[in-house]
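S.K.: Data file protein-v9.cif (mmCIF, C-alpha atoms and all ligand atoms) is appended below.
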```
data_query
loop_
_atom_site.label_atom_id
_atom_site.label_comp_id
_atom_site.auth_asym_id
_atom_site.auth_seq_id
_atom_site.Cartn_x
_atom_site.Cartn_y
_atom_site.Cartn_z
CA MET S 2 -23.60 -82.99 57.29
CA SER S 3 -24.63 -82.59 60.95
CA ALA S 4 -26.62 -79.61 62.20
CA GLU S 5 -23.62 -78.72 64.31
CA THR S 6 -21.28 -78.34 61.37
CA GLN S 7 -23.70 -76.46 59.16
CA THR S 8 -24.27 -72.81 59.99
CA GLN S 9 -27.29 -70.90 58.80
CA ARG S 10 -25.49 -67.58 58.69
CA CYS S 11 -27.11 -64.20 59.09
CA GLY S 12 -24.32 -62.48 61.05
CA ARG S 13 -20.77 -61.74 59.94
CA PHE S 14 -17.50 -63.16 61.17
CA ILE S 15 -14.49 -60.84 61.58
CA THR S 16 -11.10 -62.01 62.80
CA LEU S 17 -7.98 -60.11 63.88
CA GLU S 18 -4.63 -61.71 63.25
CA GLY S 19 -0.93 -61.00 63.50
CA GLY S 20 2.10 -61.93 65.55
CA GLU S 21 2.42 -61.37 69.28
CA GLY S 22 2.12 -57.78 70.46
CA VAL S 23 0.90 -56.27 67.18
CA GLY S 24 -2.19 -54.84 68.92
CA LYS S 25 -4.90 -57.46 68.27
CA THR S 26 -6.42 -57.39 71.75
CA THR S 27 -6.38 -53.59 71.83
CA ASN S 28 -8.06 -53.34 68.44
CA VAL S 29 -10.63 -56.12 68.92
CA GLY S 30 -12.23 -53.71 71.39
CA PHE S 31 -12.17 -50.93 68.82
CA VAL S 32 -13.84 -53.14 66.17
CA CYS S 33 -16.55 -54.26 68.63
CA ASP S 34 -17.28 -50.67 69.65
CA TRP S 35 -17.39 -49.59 65.99
CA LEU S 36 -19.98 -52.28 65.16
CA SER S 37 -22.02 -51.79 68.35
CA ALA S 38 -22.27 -48.07 67.62
CA ARG S 39 -24.09 -49.07 64.42
CA GLY S 40 -26.69 -51.00 66.38
CA LEU S 41 -25.32 -54.48 65.66
CA GLU S 42 -25.24 -57.33 68.18
CA VAL S 43 -21.57 -58.11 68.67
CA VAL S 44 -19.95 -61.16 70.26
CA ARG S 45 -16.33 -60.62 71.26
CA THR S 46 -14.26 -63.74 71.60
CA ARG S 47 -10.76 -65.16 71.16
CA GLU S 48 -8.75 -68.24 70.23
CA PRO S 49 -7.57 -70.45 71.61
CA GLY S 50 -10.49 -70.09 74.01
CA GLY S 51 -13.87 -68.41 73.98
CA THR S 52 -15.75 -71.07 76.00
CA PRO S 53 -14.88 -72.68 79.36
CA GLY S 54 -13.69 -75.91 77.72
CA ALA S 55 -11.66 -74.14 75.06
CA GLU S 56 -10.16 -71.80 77.68
CA ALA S 57 -9.02 -74.90 79.61
CA ILE S 58 -7.25 -76.11 76.44
CA ARG S 59 -5.72 -72.62 76.06
CA GLU S 60 -4.17 -73.01 79.52
CA LEU S 61 -2.61 -76.31 78.44
CA LEU S 62 -1.26 -74.74 75.26
CA LEU S 63 0.24 -71.59 76.78
CA ASP S 64 1.54 -72.88 80.12
CA PRO S 65 5.31 -72.12 80.11
CA SER S 66 5.97 -74.36 83.12
CA ARG S 67 5.39 -77.66 81.30
CA ASP S 68 8.43 -79.93 81.68
CA ALA S 69 8.24 -81.30 78.13
CA PRO S 70 7.00 -79.30 75.13
CA TRP S 71 3.98 -80.53 73.19
CA CYS S 72 4.94 -82.43 70.07
CA ASP S 73 3.79 -80.64 66.91
CA ASP S 74 0.85 -82.97 66.26
CA ALA S 75 -0.43 -82.71 69.84
CA GLU S 76 -0.23 -78.91 69.69
CA LEU S 77 -2.09 -78.88 66.37
CA LEU S 78 -4.82 -81.19 67.66
CA LEU S 79 -5.24 -79.18 70.86
CA VAL S 80 -5.70 -75.99 68.81
CA PHE S 81 -8.38 -77.65 66.69
CA ALA S 82 -10.06 -79.33 69.68
CA ALA S 83 -10.47 -75.89 71.25
CA ARG S 84 -11.74 -74.51 67.93
CA ALA S 85 -14.32 -77.28 67.49
CA GLN S 86 -15.78 -76.52 70.92
CA HIS S 87 -15.68 -72.77 70.30
CA LEU S 88 -17.47 -73.14 66.97
CA ALA S 89 -20.14 -75.48 68.35
CA GLU S 90 -20.83 -73.61 71.55
CA GLN S 91 -20.36 -70.00 70.61
CA ILE S 92 -19.46 -68.95 67.05
CA ARG S 93 -22.01 -70.93 65.01
CA PRO S 94 -24.98 -70.16 67.32
CA ALA S 95 -24.07 -66.46 67.35
CA LEU S 96 -23.80 -66.24 63.56
CA ALA S 97 -27.03 -68.19 63.18
CA ARG S 98 -28.98 -65.70 65.28
CA GLY S 99 -27.53 -62.77 63.30
CA ALA S 100 -24.82 -61.57 65.68
CA TRP S 101 -21.49 -60.27 64.42
CA VAL S 102 -18.63 -62.31 65.84
CA VAL S 103 -15.29 -60.57 66.37
CA CYS S 104 -12.55 -63.04 67.19
CA ASP S 105 -8.98 -62.39 68.37
CA ARG S 106 -7.20 -65.01 66.19
CA PHE S 107 -8.68 -67.98 64.30
CA THR S 108 -7.41 -70.60 61.87
CA ASP S 109 -5.02 -68.25 60.05
CA ALA S 110 -3.06 -68.32 63.32
CA THR S 111 -2.74 -72.09 62.96
CA PHE S 112 -1.35 -71.73 59.43
CA ALA S 113 1.04 -69.05 60.71
CA TYR S 114 2.19 -70.59 64.03
CA GLN S 115 1.89 -74.35 63.54
CA GLY S 116 2.52 -74.08 59.76
CA GLY S 117 5.02 -71.20 59.41
CA GLY S 118 6.49 -71.36 62.91
CA ARG S 119 6.64 -75.09 63.64
CA GLY S 120 6.83 -76.32 60.05
CA VAL S 121 3.68 -78.48 60.06
CA ALA S 122 2.65 -79.28 56.47
CA ARG S 123 -0.16 -77.07 55.13
CA GLU S 124 -2.12 -80.12 53.97
CA ARG S 125 -2.32 -81.48 57.52
CA ILE S 126 -3.76 -78.19 58.76
CA GLU S 127 -6.18 -78.02 55.82
CA THR S 128 -7.46 -81.51 56.64
CA LEU S 129 -8.36 -80.48 60.18
CA GLU S 130 -9.74 -77.14 58.97
CA GLN S 131 -12.13 -79.02 56.68
CA LEU S 132 -13.11 -81.46 59.43
CA VAL S 133 -13.81 -78.81 62.05
CA GLN S 134 -15.04 -75.85 60.04
CA GLN S 135 -16.56 -77.38 56.91
CA SER S 136 -17.09 -74.32 54.70
CA LEU S 137 -17.11 -71.71 57.47
CA GLN S 138 -14.52 -68.96 56.96
CA PRO S 139 -14.26 -65.41 58.31
CA ASP S 140 -15.86 -62.72 56.14
CA LEU S 141 -13.02 -60.33 56.91
CA THR S 142 -9.60 -60.82 58.47
CA LEU S 143 -7.70 -57.77 59.67
CA LEU S 144 -4.02 -58.71 59.62
CA LEU S 145 -2.15 -56.27 61.85
CA ASP S 146 1.41 -56.16 60.61
CA VAL S 147 4.39 -54.93 62.62
CA PRO S 148 8.09 -55.83 62.31
CA VAL S 149 9.02 -58.51 64.81
CA ALA S 150 11.44 -56.31 66.79
CA LEU S 151 8.83 -53.58 67.34
CA ALA S 152 6.20 -56.14 68.40
CA ALA S 153 8.69 -57.64 70.89
CA GLU S 154 9.30 -54.16 72.35
CA ARG S 155 5.57 -53.70 72.83
CA VAL S 156 5.21 -57.08 74.53
CA SER S 157 8.11 -56.45 76.91
CA GLY S 158 6.72 -52.95 77.58
CA ARG S 159 3.63 -54.59 79.09
CA GLY S 160 5.80 -56.20 81.77
CA ALA S 161 3.65 -59.38 81.95
CA PRO S 162 5.21 -62.89 82.23
CA LEU S 163 5.81 -64.51 78.82
CA ASP S 164 3.70 -67.51 77.76
CA ARG S 165 5.06 -70.61 75.98
CA PHE S 166 4.80 -69.03 72.51
CA GLU S 167 6.16 -65.65 73.57
CA GLN S 168 9.33 -67.41 74.75
CA GLU S 169 10.17 -68.48 71.17
CA GLN S 170 13.13 -66.92 69.31
CA SER S 171 12.77 -64.04 66.84
CA THR S 172 13.37 -66.43 63.88
CA PHE S 173 10.16 -68.23 64.87
CA PHE S 174 8.23 -64.95 64.80
CA GLU S 175 9.81 -63.94 61.46
CA SER S 176 8.47 -67.22 60.00
CA VAL S 177 5.06 -66.57 61.54
CA ARG S 178 4.95 -63.06 60.07
CA GLN S 179 6.01 -64.32 56.64
CA ALA S 180 3.35 -67.05 56.69
CA TYR S 181 0.66 -64.50 57.55
CA LEU S 182 1.74 -62.12 54.77
CA GLU S 183 1.87 -64.92 52.19
CA ARG S 184 -1.60 -66.06 53.18
CA ALA S 185 -2.96 -62.52 53.04
CA ALA S 186 -1.54 -62.05 49.54
CA ARG S 187 -3.60 -65.02 48.31
CA SER S 188 -7.06 -64.01 49.57
CA GLU S 189 -9.29 -60.93 49.32
CA ARG S 190 -10.76 -61.84 52.70
CA PHE S 191 -7.68 -60.18 54.26
CA ALA S 192 -7.01 -56.50 54.85
CA VAL S 193 -3.41 -55.89 55.88
CA ILE S 194 -3.19 -52.99 58.36
CA ASP S 195 0.14 -51.28 58.94
CA ALA S 196 0.12 -51.38 62.75
CA ARG S 197 3.45 -49.55 63.24
CA PRO S 198 2.05 -46.03 63.73
CA ASP S 199 0.39 -44.68 66.87
CA LEU S 200 -2.89 -46.26 67.94
CA GLU S 201 -5.05 -43.41 66.63
CA THR S 202 -3.62 -43.80 63.12
CA VAL S 203 -4.01 -47.59 63.21
CA GLN S 204 -7.63 -47.30 64.32
CA GLN S 205 -8.32 -44.75 61.60
CA ALA S 206 -7.12 -47.34 59.06
CA ILE S 207 -9.24 -50.08 60.67
CA GLY S 208 -12.31 -47.83 60.67
CA ASP S 209 -11.79 -46.99 56.97
CA CYS S 210 -11.53 -50.69 56.16
CA LEU S 211 -14.66 -51.57 58.15
CA ARG S 212 -16.64 -48.78 56.47
CA GLU S 213 -15.65 -50.04 53.03
CA ARG S 214 -16.30 -53.75 53.73
CA VAL S 215 -19.54 -53.29 55.63
CA ALA S 216 -20.90 -51.05 52.88
CA ALA S 217 -20.05 -53.73 50.32
CA TRP S 218 -22.00 -56.36 52.32
CA SER S 219 -25.19 -54.36 52.66
N1 LIG S 301 -1.87 -69.81 68.73
C1 LIG S 301 -1.41 -70.82 67.92
O1 LIG S 301 -0.26 -71.22 68.02
N2 LIG S 301 -2.26 -71.38 67.00
C2 LIG S 301 -3.54 -70.98 66.86
O2 LIG S 301 -4.26 -71.52 66.02
C3 LIG S 301 -4.01 -69.92 67.71
C4 LIG S 301 -3.14 -69.36 68.62
C5 LIG S 301 -5.42 -69.46 67.59
C6 LIG S 301 -1.97 -66.97 72.31
O3 LIG S 301 -2.50 -65.97 71.54
C7 LIG S 301 -1.00 -67.80 71.53
O4 LIG S 301 -1.68 -68.87 70.89
C8 LIG S 301 -0.32 -67.02 70.46
C9 LIG S 301 -0.33 -67.94 69.24
C10 LIG S 301 -0.97 -69.21 69.71
N3 LIG S 301 0.99 -66.78 70.90
N4 LIG S 301 1.78 -65.91 70.63
N5 LIG S 301 2.72 -65.26 70.61
P1 LIG S 301 -2.79 -64.52 72.12
O5 LIG S 301 -3.52 -63.84 71.04
O6 LIG S 301 -3.41 -64.52 73.43
O7 LIG S 301 -1.31 -63.98 72.42
P2 LIG S 301 -0.51 -62.88 71.75
O8 LIG S 301 -0.41 -62.80 70.31
O9 LIG S 301 0.77 -63.08 72.44
O10 LIG S 301 -1.33 -61.61 72.10
P3 LIG S 301 -0.83 -60.40 72.84
O11 LIG S 301 0.52 -60.59 73.41
O12 LIG S 301 -1.92 -60.04 73.81
O13 LIG S 301 -0.65 -59.32 71.70
P4 LIG S 301 -1.71 -58.43 70.94
O14 LIG S 301 -3.08 -58.74 71.42
O15 LIG S 301 -1.45 -58.48 69.51
O16 LIG S 301 -1.27 -56.98 71.40
P5 LIG S 301 -1.95 -55.98 72.52
O17 LIG S 301 -1.93 -56.65 73.85
O18 LIG S 301 -3.17 -55.38 72.01
O19 LIG S 301 -0.81 -54.87 72.48
C11 LIG S 301 0.49 -55.09 72.98
C12 LIG S 301 1.02 -53.80 73.65
O20 LIG S 301 1.25 -52.82 72.64
C13 LIG S 301 0.02 -53.18 74.62
O21 LIG S 301 0.73 -52.62 75.68
C14 LIG S 301 -0.66 -52.09 73.80
O22 LIG S 301 -1.12 -51.02 74.59
C15 LIG S 301 0.47 -51.65 72.89
N6 LIG S 301 0.03 -51.17 71.57
C16 LIG S 301 -0.94 -51.70 70.78
N7 LIG S 301 -1.05 -50.99 69.64
C17 LIG S 301 -0.11 -50.02 69.69
C18 LIG S 301 0.27 -48.96 68.80
N8 LIG S 301 -0.31 -48.77 67.61
N9 LIG S 301 1.27 -48.16 69.18
C19 LIG S 301 1.88 -48.33 70.37
N10 LIG S 301 1.56 -49.29 71.27
C20 LIG S 301 0.58 -50.13 70.92
#
```
Now, as a test, write the supplied structure out as structure tokens.
Ligand code: Z5A

M.R.:
Amino acid sequence: MSAETQTQRCGRFITLEGGEGVGKTTNVGFVCDWLSARGLEVVRTREPGGTPGAEAIRELLLDPSRDAPWCDDAELLLVFAARAQHLAEQIRPALARGAWVVCDRFTDATFAYQGGGRGVARERIETLEQLVQQSLQPDLTLLLDVPVALAAERVSGRGAPLDRFEQEQSTFFESVRQAYLERAARSERFAVIDARPDLETVQQAIGDCLRERVAAWS
């Protein structure tokens, strides 16, 4: 195994997941502040993206003005190309030096969007996951769960132009949500957070979860 694919881990890896508009970006900041307040070195990042090369791939993936959509395999490979660069350049070095990495989306998003949403076979995604990540998995995944209609209201409330994924139909997002919930039910790595209430209540739940998990790790 190459040095690049093996991570000597001292830090912890926390991901936030969920459909569009559930509050991931808002709450990534809360998680980072919560950890920093405890004296930890925190690296905030996101997927697709997190490094200049991976951000360039993100642009390709999200651009709504493309004449022809990506075929499913191209989309899947672009997602993992961005992830490979992100892991090599940012995530693995940060974990190796003992930083805590907080990432807005990671491979669970691939299982939810490319798997649940587009219908790509789970085995195909698992093959690339193994190739790119080896054994690296998040220590904790906060799955923010909101009904699709409420999430869509929050996205339209922001008034920003919609990217290529945000232009999908609600049936696509129902499949994405279902895929996330099924995945969460199969692994203790996940904490499902009811993200319907006001932000203060949601962040109280996230703080409670972090307190419990971090205590269990120390
Ligand atoms: N994608 C993929 O297909 N495969 C992959 O492997 C990966 C990604 C990694 C880009 O992701 C797209 O890439 C994504 C899937 C695909 N597409 N989609 N859809 P992204 O994370 O950048 O895009 P996003 O999911 O669309 O993120 P978002 O729109 O920024 O949503 P969010 O981060 O979850 O929500 P937010 O911006 O924090 O909050 C939305 C609004 O709601 C905002 O005005 C907040 O102030 C408000 N808000 C948040 N929480 C609350 C509460 N509790 N109450 C009331 N209002 C709230």

S.K.: Output the neighbourhood of ligand LIG 301 (chain S) as a PyMOL selection string, that is, all protein and nucleic acid residues with some atom at most 6 Å from the ligand, counting only C-alpha atoms and all ligand atoms.

M.R.: chain S and resi 20-27+48-49+80+106-108+110-111+114-115+155-156+159+166-167+196-200+203

S.K.: For each of S:Ala95, S:Cys33, S:Ala150, S:Gln205, take the minimum atom-to-atom distance to S:Gln170, counting only C-alpha atoms, then give the residue where this is smallest.

M.R.: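 Between S:Ala95, S:Cys33, S:Ala150, S:Gln205, the residue approaching S:Gln170 most closely is S:Ala150.
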
S.K.: Which polymer residues, whether protein, DNA or RNA, lie within 10 Å of the coordinate (-24.2, -63.7, 61.5) when you count all atoms listed in the file? List them as a PDB file with C-alpha atoms, in the coordinates of the input, using the chain letters and numbers from the file.

M.R.:
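Below you can see result18.pdb, which holds the result:
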```pdb
ATOM      1  CA  THR S   8     -24.270 -72.810  59.990  1.00  0.00           C
ATOM      2  CA  GLN S   9     -27.290 -70.900  58.800  1.00  0.00           C
ATOM      3  CA  ARG S  10     -25.490 -67.580  58.690  1.00  0.00           C
ATOM      4  CA  CYS S  11     -27.110 -64.200  59.090  1.00  0.00           C
ATOM      5  CA  GLY S  12     -24.320 -62.480  61.050  1.00  0.00           C
ATOM      6  CA  ARG S  13     -20.770 -61.740  59.940  1.00  0.00           C
ATOM      7  CA  PHE S  14     -17.500 -63.160  61.170  1.00  0.00           C
ATOM      8  CA  GLU S  42     -25.240 -57.330  68.180  1.00  0.00           C
ATOM      9  CA  VAL S  43     -21.570 -58.110  68.670  1.00  0.00           C
ATOM     10  CA  ILE S  92     -19.460 -68.950  67.050  1.00  0.00           C
ATOM     11  CA  ARG S  93     -22.010 -70.930  65.010  1.00  0.00           C
ATOM     12  CA  PRO S  94     -24.980 -70.160  67.320  1.00  0.00           C
ATOM     13  CA  ALA S  95     -24.070 -66.460  67.350  1.00  0.00           C
ATOM     14  CA  LEU S  96     -23.800 -66.240  63.560  1.00  0.00           C
ATOM     15  CA  ALA S  97     -27.030 -68.190  63.180  1.00  0.00           C
ATOM     16  CA  ARG S  98     -28.980 -65.700  65.280  1.00  0.00           C
ATOM     17  CA  GLY S  99     -27.530 -62.770  63.300  1.00  0.00           C
ATOM     18  CA  ALA S 100     -24.820 -61.570  65.680  1.00  0.00           C
ATOM     19  CA  TRP S 101     -21.490 -60.270  64.420  1.00  0.00           C
ATOM     20  CA  VAL S 102     -18.630 -62.310  65.840  1.00  0.00           C
ATOM     21  CA  ASP S 140     -15.860 -62.720  56.140  1.00  0.00           C
TER      22      ASP S 140
END
```

S.K.: S:Val193: which residues within 9 Å, counting all atoms listed in the file, same-chain residues fewer than 3 positions away excluded, as a ChimeraX atom specification?

M.R.: /S:142-146,182,185,196

S.K.: Using all atoms listed in the file, which protein or nucleic acid residues come within 7 Å of S:Ser176? Drop anything in the same chain fewer than 3 positions from it, and give the result as a count of residues only.

M.R.: 6

S.K.: Report the closest atom pair, with its distance in Å rounded to one decimal, for each residue of stretch 100-204 of chain S that has an atom no farther than 9 Å from stretch 56-76 of chain S; count all atoms listed in the file, sort by chain and then rising residue number, and write it as JSON lines.

M.R.:
```
{"residue": "S:Gln115", "atom": "CA", "partner": "S:Asp73", "partner_atom": "CA", "distance": 7.4}
{"residue": "S:Arg119", "atom": "CA", "partner": "S:Asp73", "partner_atom": "CA", "distance": 7.0}
{"residue": "S:Gly120", "atom": "CA", "partner": "S:Asp73", "partner_atom": "CA", "distance": 8.7}
{"residue": "S:Val121", "atom": "CA", "partner": "S:Asp73", "partner_atom": "CA", "distance": 7.2}
{"residue": "S:Leu163", "atom": "CA", "partner": "S:Pro65", "partner_atom": "CA", "distance": 7.7}
{"residue": "S:Asp164", "atom": "CA", "partner": "S:Pro65", "partner_atom": "CA", "distance": 5.4}
{"residue": "S:Arg165", "atom": "CA", "partner": "S:Pro65", "partner_atom": "CA", "distance": 4.4}
{"residue": "S:Phe166", "atom": "CA", "partner": "S:Leu63", "partner_atom": "CA", "distance": 6.8}
{"residue": "S:Glu167", "atom": "CA", "partner": "S:Leu63", "partner_atom": "CA", "distance": 9.0}
{"residue": "S:Gln168", "atom": "CA", "partner": "S:Pro65", "partner_atom": "CA", "distance": 8.2}
```

S.K.: Have a look at atom CA of S:Leu17 and atom CA of S:Asp105 and let me know their distance in Å, one decimal.

M.R.: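 So the answer is 5.1 Å.
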